[in-house]
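The structure under discussion appears below in the form of structure tokens.
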Amino acid sequence: MENTWRVPVLCCRPRVLLLHTLFWCLVALRVFGAALLAEDKTAAVRTLVAPCWLLEEFVVTSECSQCGAFQTSRAACGQTGYVERVNCTKSNKDDYKSCRSAAMEEHSFWKFEAAMLAVTSLSAVVVVARQRWLDRLASEKVRRQIESI
């Protein structure tokens with residue numbers, strides 16, 4: 001068989017190759033430039049509204065606890081659902097910081113374990129079913145070969 005796909009001669013000319021290279025370089029420059037500009041803007045915004053516990057030392061004044069009904073509007077509660085109260089040492093400012101609770105971690109661990117058990121069981125069932133099907137195909141093939149003799 002002959003391969004019917006061929007590169008047109010026009011595409012291999014140096015001028016066309018140069019134009020293609022220039023075009024893709026401009027596209028890459030535009031994409032990476034936009035990404036760098038967006039990264040610079042987010043860094044500038046982050047420094048303006050950064051909480052005090054990111055910028056200085058802090059002391060935990062109340063332990064990690066689940067957010068109450070009145071605390072759900074806080075940004076710190078939105079990340080994990082648990083919050084702890086901290087006091088920044090330099091500015092002496094009280095602030096809330098999102099935290100990870102031991103109970104939440106244990107709950108997540110057991111959910112993960114249950115999911116892995118389910119995936120393992122499903123995989124085992126699929127493997128056994130596939131093996132039986134392949135064994136059936138092999139014995140059918142052997143039976144046909146014996147019948148043809």
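Just remember, in the structure tokens the first chain shown is A, the second B, etc., residues are 1-based per chain, and ligands are 1-based in the order shown.
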
Within region 15-119 of chain A, find each residue whose DSSP state, derived from the backbone, is alpha helix (DSSP H), and express the selection as number ranges by chain.
-> A: 15-48, 52-55, 75-80, 102-119

Taking C-alpha atoms for each residue, export the selection above as a compact mmCIF listing (two decimals), in the first residue's frame.
```
# COMPACT_ATOMS: atom_id res chain seq x y z
CA ARG A 15 9.54 31.93 3.94
CA VAL A 16 6.42 29.98 4.95
CA LEU A 17 8.31 28.17 7.73
CA LEU A 18 9.58 31.51 9.01
CA LEU A 19 6.06 32.98 9.02
CA HIS A 20 4.69 29.93 10.87
CA THR A 21 7.48 30.16 13.45
CA LEU A 22 6.91 33.89 13.92
CA PHE A 23 3.15 33.39 14.31
CA TRP A 24 3.51 30.67 16.96
CA CYS A 25 6.15 32.68 18.83
CA LEU A 26 3.76 35.64 18.99
CA VAL A 27 0.95 33.38 20.20
CA ALA A 28 3.19 31.90 22.91
CA LEU A 29 4.39 35.36 23.94
CA ARG A 30 0.79 36.57 24.22
CA VAL A 31 -0.28 33.59 26.33
CA PHE A 32 2.70 33.65 28.68
CA GLY A 33 2.60 37.44 28.93
CA ALA A 34 -1.06 37.34 29.97
CA ALA A 35 -0.28 34.68 32.55
CA LEU A 36 2.59 36.73 33.99
CA LEU A 37 0.48 39.89 34.15
CA ALA A 38 -2.33 38.06 35.93
CA GLU A 39 0.17 36.60 38.42
CA ASP A 40 1.59 40.06 39.18
CA LYS A 41 -1.88 41.49 39.83
CA THR A 42 -2.83 38.72 42.23
CA ALA A 43 0.46 39.17 44.14
CA ALA A 44 -0.23 42.89 44.50
CA VAL A 45 -3.77 42.27 45.73
CA ARG A 46 -2.55 39.57 48.13
CA THR A 47 -0.12 41.95 49.85
CA LEU A 48 -2.80 44.63 50.29
CA CYS A 52 -2.03 39.70 59.92
CA TRP A 53 -1.27 36.05 60.77
CA LEU A 54 0.37 35.63 57.35
CA LEU A 55 2.69 38.57 57.86
CA ALA A 75 -13.96 33.99 54.67
CA ALA A 76 -11.98 31.75 57.05
CA CYS A 77 -15.01 29.46 57.54
CA GLY A 78 -15.45 28.97 53.81
CA GLN A 79 -12.26 26.95 53.33
CA THR A 80 -12.59 24.10 55.82
CA ALA A 102 -8.81 16.24 64.06
CA ALA A 103 -12.44 15.13 63.81
CA MET A 104 -12.66 16.45 60.26
CA GLU A 105 -9.42 14.70 59.33
CA GLU A 106 -10.65 11.41 60.80
CA HIS A 107 -13.95 11.72 58.96
CA SER A 108 -12.12 12.42 55.68
CA PHE A 109 -9.82 9.45 56.30
CA TRP A 110 -12.71 7.02 56.81
CA LYS A 111 -14.51 8.37 53.74
CA PHE A 112 -11.34 7.77 51.74
CA GLU A 113 -10.99 4.25 53.19
CA ALA A 114 -14.61 3.44 52.27
CA ALA A 115 -14.09 4.74 48.74
CA MET A 116 -10.93 2.65 48.34
CA LEU A 117 -12.73 -0.45 49.65
CA ALA A 118 -15.53 0.12 47.14
CA VAL A 119 -13.07 0.60 44.26
```

Find the residues around region 58-70 of chain A up to 7 Å (only C-alpha atoms counted), leave out those fewer than 3 positions away in its own chain, and share them as a list in words.
->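 Residues near the query, excluding close chain neighbours: Trp53, Cys77, Gly81, Tyr82, Val83, Glu84, Arg85, Val86, Asn87, Cys88, Thr89, Cys99 and Ser101 of chain A.
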
Any chance you could export the current selection's N, CA, C and O atoms as a PDB file, in the first residue's frame?
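New file again_23.pdb:
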```
ATOM      1  N   TRP A  53      -1.964  37.293  60.390  1.00  0.00           N
ATOM      2  CA  TRP A  53      -1.272  36.053  60.772  1.00  0.00           C
ATOM      3  C   TRP A  53      -0.393  35.504  59.658  1.00  0.00           C
ATOM      4  O   TRP A  53       0.450  34.653  59.893  1.00  0.00           O
ATOM      5  N   CYS A  77     -14.121  30.624  57.393  1.00  0.00           N
ATOM      6  CA  CYS A  77     -15.007  29.457  57.536  1.00  0.00           C
ATOM      7  C   CYS A  77     -15.271  28.788  56.202  1.00  0.00           C
ATOM      8  O   CYS A  77     -15.615  27.607  56.158  1.00  0.00           O
ATOM      9  N   GLY A  81     -14.508  24.962  57.058  1.00  0.00           N
ATOM     10  CA  GLY A  81     -15.649  24.838  57.951  1.00  0.00           C
ATOM     11  C   GLY A  81     -15.238  24.904  59.416  1.00  0.00           C
ATOM     12  O   GLY A  81     -16.076  24.824  60.303  1.00  0.00           O
ATOM     13  N   TYR A  82     -13.950  25.033  59.679  1.00  0.00           N
ATOM     14  CA  TYR A  82     -13.419  25.143  61.033  1.00  0.00           C
ATOM     15  C   TYR A  82     -12.581  26.413  61.118  1.00  0.00           C
ATOM     16  O   TYR A  82     -11.944  26.817  60.143  1.00  0.00           O
ATOM     17  N   VAL A  83     -12.581  27.018  62.292  1.00  0.00           N
ATOM     18  CA  VAL A  83     -11.872  28.278  62.457  1.00  0.00           C
ATOM     19  C   VAL A  83     -11.254  28.331  63.855  1.00  0.00           C
ATOM     20  O   VAL A  83     -11.760  27.713  64.790  1.00  0.00           O
ATOM     21  N   GLU A  84     -10.129  29.037  63.959  1.00  0.00           N
ATOM     22  CA  GLU A  84      -9.521  29.285  65.262  1.00  0.00           C
ATOM     23  C   GLU A  84      -9.216  30.777  65.365  1.00  0.00           C
ATOM     24  O   GLU A  84      -8.952  31.435  64.367  1.00  0.00           O
ATOM     25  N   ARG A  85      -9.285  31.284  66.582  1.00  0.00           N
ATOM     26  CA  ARG A  85      -9.034  32.707  66.808  1.00  0.00           C
ATOM     27  C   ARG A  85      -7.565  32.887  67.151  1.00  0.00           C
ATOM     28  O   ARG A  85      -7.009  32.170  67.986  1.00  0.00           O
ATOM     29  N   VAL A  86      -6.918  33.838  66.467  1.00  0.00           N
ATOM     30  CA  VAL A  86      -5.502  34.103  66.693  1.00  0.00           C
ATOM     31  C   VAL A  86      -5.313  35.570  67.061  1.00  0.00           C
ATOM     32  O   VAL A  86      -6.113  36.428  66.688  1.00  0.00           O
ATOM     33  N   ASN A  87      -4.234  35.831  67.799  1.00  0.00           N
ATOM     34  CA  ASN A  87      -3.871  37.190  68.169  1.00  0.00           C
ATOM     35  C   ASN A  87      -2.488  37.454  67.598  1.00  0.00           C
ATOM     36  O   ASN A  87      -1.517  36.784  67.952  1.00  0.00           O
ATOM     37  N   CYS A  88      -2.396  38.421  66.707  1.00  0.00           N
ATOM     38  CA  CYS A  88      -1.112  38.779  66.104  1.00  0.00           C
ATOM     39  C   CYS A  88      -0.298  39.580  67.115  1.00  0.00           C
ATOM     40  O   CYS A  88      -0.816  40.503  67.743  1.00  0.00           O
ATOM     41  N   THR A  89       0.981  39.215  67.267  1.00  0.00           N
ATOM     42  CA  THR A  89       1.786  39.795  68.341  1.00  0.00           C
ATOM     43  C   THR A  89       2.200  41.235  68.068  1.00  0.00           C
ATOM     44  O   THR A  89       2.155  42.072  68.977  1.00  0.00           O
ATOM     45  N   CYS A  99      -8.665  26.411  59.940  1.00  0.00           N
ATOM     46  CA  CYS A  99      -7.822  25.336  60.469  1.00  0.00           C
ATOM     47  C   CYS A  99      -8.437  23.989  60.113  1.00  0.00           C
ATOM     48  O   CYS A  99      -9.565  23.913  59.639  1.00  0.00           O
ATOM     49  N   SER A 101      -9.511  20.394  61.659  1.00  0.00           N
ATOM     50  CA  SER A 101      -9.846  19.728  62.910  1.00  0.00           C
ATOM     51  C   SER A 101      -9.460  18.253  62.845  1.00  0.00           C
ATOM     52  O   SER A 101      -9.495  17.631  61.784  1.00  0.00           O
TER      53      SER A 101
END
```

Taking the backbone alone, and naming residues the way the document does, which bits of chain A are strand (DSSP E or B) by DSSP, as a ChimeraX atom specification?
-> /A:58-66,82-88,94-98
